[in-house]
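Novice: Provided herewith: entry13.txt, compact mmCIF, C-alpha atoms.
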```txt
# COMPACT_ATOMS: atom_id res chain seq x y z
CA MET N 418 7.44 -2.32 -2.56
CA SER N 419 7.63 1.36 -3.42
CA ALA N 420 7.28 3.55 -6.51
CA VAL N 421 10.12 5.59 -7.96
CA LEU N 422 9.42 8.52 -10.29
CA ASP N 423 11.74 9.87 -12.96
CA ALA N 424 11.41 13.23 -14.71
CA GLY N 425 9.00 11.88 -17.33
CA ALA N 426 6.55 10.87 -14.61
CA LEU N 427 6.65 14.30 -12.98
CA ILE N 428 6.32 16.02 -16.35
CA ALA N 429 3.24 13.88 -17.03
CA VAL N 430 1.80 14.96 -13.67
CA ASP N 431 2.58 18.60 -14.45
CA LYS N 432 0.78 18.25 -17.81
CA ARG N 433 -2.21 16.71 -16.02
CA ASP N 434 -1.82 13.26 -17.59
CA ARG N 435 -4.88 11.47 -16.20
CA ARG N 436 -3.40 7.97 -16.44
CA VAL N 437 -0.28 8.84 -14.46
CA GLY N 438 -2.25 10.94 -11.98
CA ALA N 439 -4.68 8.07 -11.37
CA MET N 440 -1.86 5.56 -10.85
CA LEU N 441 -0.16 7.85 -8.33
CA ARG N 442 -3.42 8.46 -6.46
CA VAL N 443 -3.95 4.70 -6.14
CA LEU N 444 -0.40 4.21 -4.87
CA GLN N 445 -0.77 6.99 -2.31
CA ARG N 446 -4.22 5.73 -1.26
CA ASP N 447 -2.77 2.26 -0.72
CA GLY N 448 0.09 3.65 1.35
CA VAL N 449 2.80 2.71 -1.14
CA PRO N 450 5.87 4.90 -0.57
CA VAL N 451 6.60 7.12 -3.57
CA ASN N 452 10.03 8.67 -4.04
CA THR N 453 12.23 10.45 -6.53
CA SER N 454 15.61 12.10 -6.83
CA GLY N 455 16.20 15.74 -5.95
CA GLY N 456 17.80 15.94 -9.40
CA VAL N 457 14.51 14.92 -10.98
CA VAL N 458 12.71 17.73 -9.17
CA ALA N 459 15.36 20.18 -10.41
CA GLN N 460 14.83 18.94 -13.98
CA VAL N 461 11.08 19.63 -13.94
CA TRP N 462 10.51 22.49 -11.47
CA ARG N 463 10.31 25.87 -13.17
CA ASP N 464 7.62 28.09 -11.63
CA GLY N 465 5.79 27.03 -8.50
CA SER N 466 3.00 29.52 -9.14
CA ARG N 467 2.21 27.69 -12.39
CA GLN N 468 2.88 24.12 -11.25
CA ALA N 469 0.25 23.63 -8.56
CA ASN N 470 -0.55 20.08 -9.70
CA LEU N 471 3.11 19.11 -9.54
CA ALA N 472 3.53 20.79 -6.14
CA ARG N 473 0.52 18.89 -4.78
CA ILE N 474 1.94 15.53 -5.91
CA LEU N 475 5.42 16.36 -4.62
CA SER N 476 4.00 17.01 -1.16
CA GLY N 477 3.44 13.25 -0.89
CA VAL N 478 6.73 12.19 -2.48
CA ASP N 479 9.97 11.51 -0.63
CA VAL N 480 12.67 13.49 -2.45
CA ASP N 481 16.09 11.89 -2.00
CA ALA N 482 19.03 14.31 -1.83
CA LEU N 483 22.28 13.59 -3.62
CA ASP N 484 24.86 13.79 -0.83
CA ASP N 485 28.57 12.92 -1.00
CA VAL N 486 28.13 9.18 -0.40
CA LYS N 487 25.29 8.84 -2.91
CA ALA N 488 27.16 10.97 -5.45
CA ARG N 489 30.06 8.52 -5.34
CA ARG N 490 27.67 5.57 -5.78
CA VAL N 491 26.09 7.37 -8.76
CA GLY N 492 29.52 7.91 -10.31
CA GLU N 493 30.42 4.26 -9.82
CA LEU N 494 27.17 3.15 -11.44
CA LEU N 495 27.79 5.47 -14.39
CA ARG N 496 31.27 3.99 -14.85
CA GLN N 497 29.91 0.43 -14.70
CA ASN N 498 27.11 1.28 -17.14
CA LEU N 499 29.30 3.39 -19.44
CA SER N 500 26.73 6.19 -19.31
CA ASP N 501 26.62 9.79 -18.15
CA ASP N 502 23.10 10.73 -17.02
CA LEU N 503 23.62 11.30 -13.32
CA VAL N 504 19.94 11.93 -12.56
CA ASP N 505 18.83 8.65 -14.15
CA ALA N 506 21.61 6.86 -12.28
CA HIS N 507 20.42 8.38 -8.99
CA VAL N 508 16.87 7.28 -9.80
CA ALA N 509 18.16 3.76 -10.53
CA LEU N 510 19.92 3.68 -7.16
CA LEU N 511 16.61 4.42 -5.42
CA VAL N 512 15.01 1.29 -6.90
CA HIS N 513 14.73 -1.89 -4.85
CA PRO N 514 13.69 -5.31 -6.16
CA ASP N 515 10.05 -5.42 -7.28
CA ASP N 516 9.57 -1.64 -7.04
CA HIS N 517 7.53 0.19 -9.67
CA VAL N 518 9.54 2.69 -11.74
CA PHE N 519 7.59 5.34 -13.64
CA THR N 520 9.77 6.53 -16.53
CA SER N 521 9.73 7.99 -20.01
CA ASP N 522 13.28 6.70 -20.56
CA GLU N 523 12.67 2.96 -20.28
CA PRO N 524 15.78 1.73 -22.15
CA HIS N 525 18.20 3.79 -20.07
CA ILE N 526 16.57 2.97 -16.73
CA LYS N 527 16.42 -0.73 -17.67
CA ALA N 528 20.12 -0.70 -18.56
CA LEU N 529 21.04 0.94 -15.25
CA LEU N 530 18.92 -1.54 -13.31
CA LEU N 531 20.45 -4.43 -15.24
CA THR N 532 23.90 -3.15 -14.29
CA ARG N 533 22.75 -3.11 -10.65
CA LYS N 534 21.12 -6.55 -11.07
CA VAL N 535 17.83 -5.20 -9.73
CA SER N 536 14.53 -6.43 -11.15
CA ALA N 537 11.72 -3.88 -11.10
CA ASN N 538 8.38 -3.23 -12.78
CA ILE N 539 8.99 -0.51 -15.39
CA ILE N 540 5.93 1.60 -16.16
CA ARG N 541 6.31 3.71 -19.28
CA VAL N 542 4.80 7.19 -19.02
```
Just give me the structure as structure tokens.
Specialist:
Amino acid sequence: MSAVLDAGALIAVDKRDRRVGAMLRVLQRDGVPVNTSGGVVAQVWRDGSRQANLARILSGVDVDALDDVKARRVGELLRQNLSDDLVDAHVALLVHPDDHVFTSDEPHIKALLLTRKVSANIIRV
């Protein structure tokens, strides 16, 4: 099991949301791998000098790059799902069965996971 973060989760961390911060600390303490998409980081990163909390959390998060092979898989998922949010699709591709997904866009992530036929624990942030 691992945890996958979307932009809403990282925005919550950046805004010092105590609930999300506590959940992430527990996951990291328990050695649960935490990952996200490089696209998610691009969506939320604006000024490192003012985002110390976010930078601290990201130091313990595996950030998955969108290379040529993954980009094609993202495009295929978007076609199958009839959607167009490439970052959410990349996040959905990072999810394995029984993972925890921290998201503020539950309906879209659920739809993408349903298209992939992957069951995960969605945690709304």
Novice: Can you find the residues with an atom no farther than 10 Å from (15.2, -1.2, -3.0), counting only C-alpha atoms, and report them as a ChimeraX atom specification?
Specialist: /N:418-421,509-516,535-537
Novice: Using only C-alpha atoms, which of N:Ile474, N:Leu530, N:Asp481, N:Ser466 sits nearest Leu495 (chain N)?
Specialist: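 Residue with the minimum atom-to-atom distance to Leu495 (chain N): N:Leu530.
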Novice: Nearest to Arg541 (chain N) among N:Val486, N:Leu494, N:Ala459, N:Ala426, with distances taken over only C-alpha atoms: which residue is it?
Specialist: N:Ala426
Novice: What lies within 10 Å of Val508 (chain N) using all atoms listed in the file, ignoring chain neighbours under 5 positions off, as a PyMOL selection string?
Specialist: chain N and resi 421-424+452-457+481+491+503+518+520+526+529-530
Novice: Could you give me, as a list of chain:residue names, the residues within 10 Å of Arg433 (chain N), counting only C-alpha atoms and dropping anything in the same chain fewer than 6 positions from it?
Specialist: N:Leu427, N:Asn470, N:Leu471
Novice: Please produce an output containing C-alpha atoms for each residue in the selection, written as a PDB file, in the coordinates of the input.
Specialist:
```
ATOM      1  CA  LEU N 427       6.650  14.300 -12.980  1.00  0.00           C
ATOM      2  CA  ASN N 470      -0.550  20.080  -9.700  1.00  0.00           C
ATOM      3  CA  LEU N 471       3.110  19.110  -9.540  1.00  0.00           C
TER       4      LEU N 471
END
```
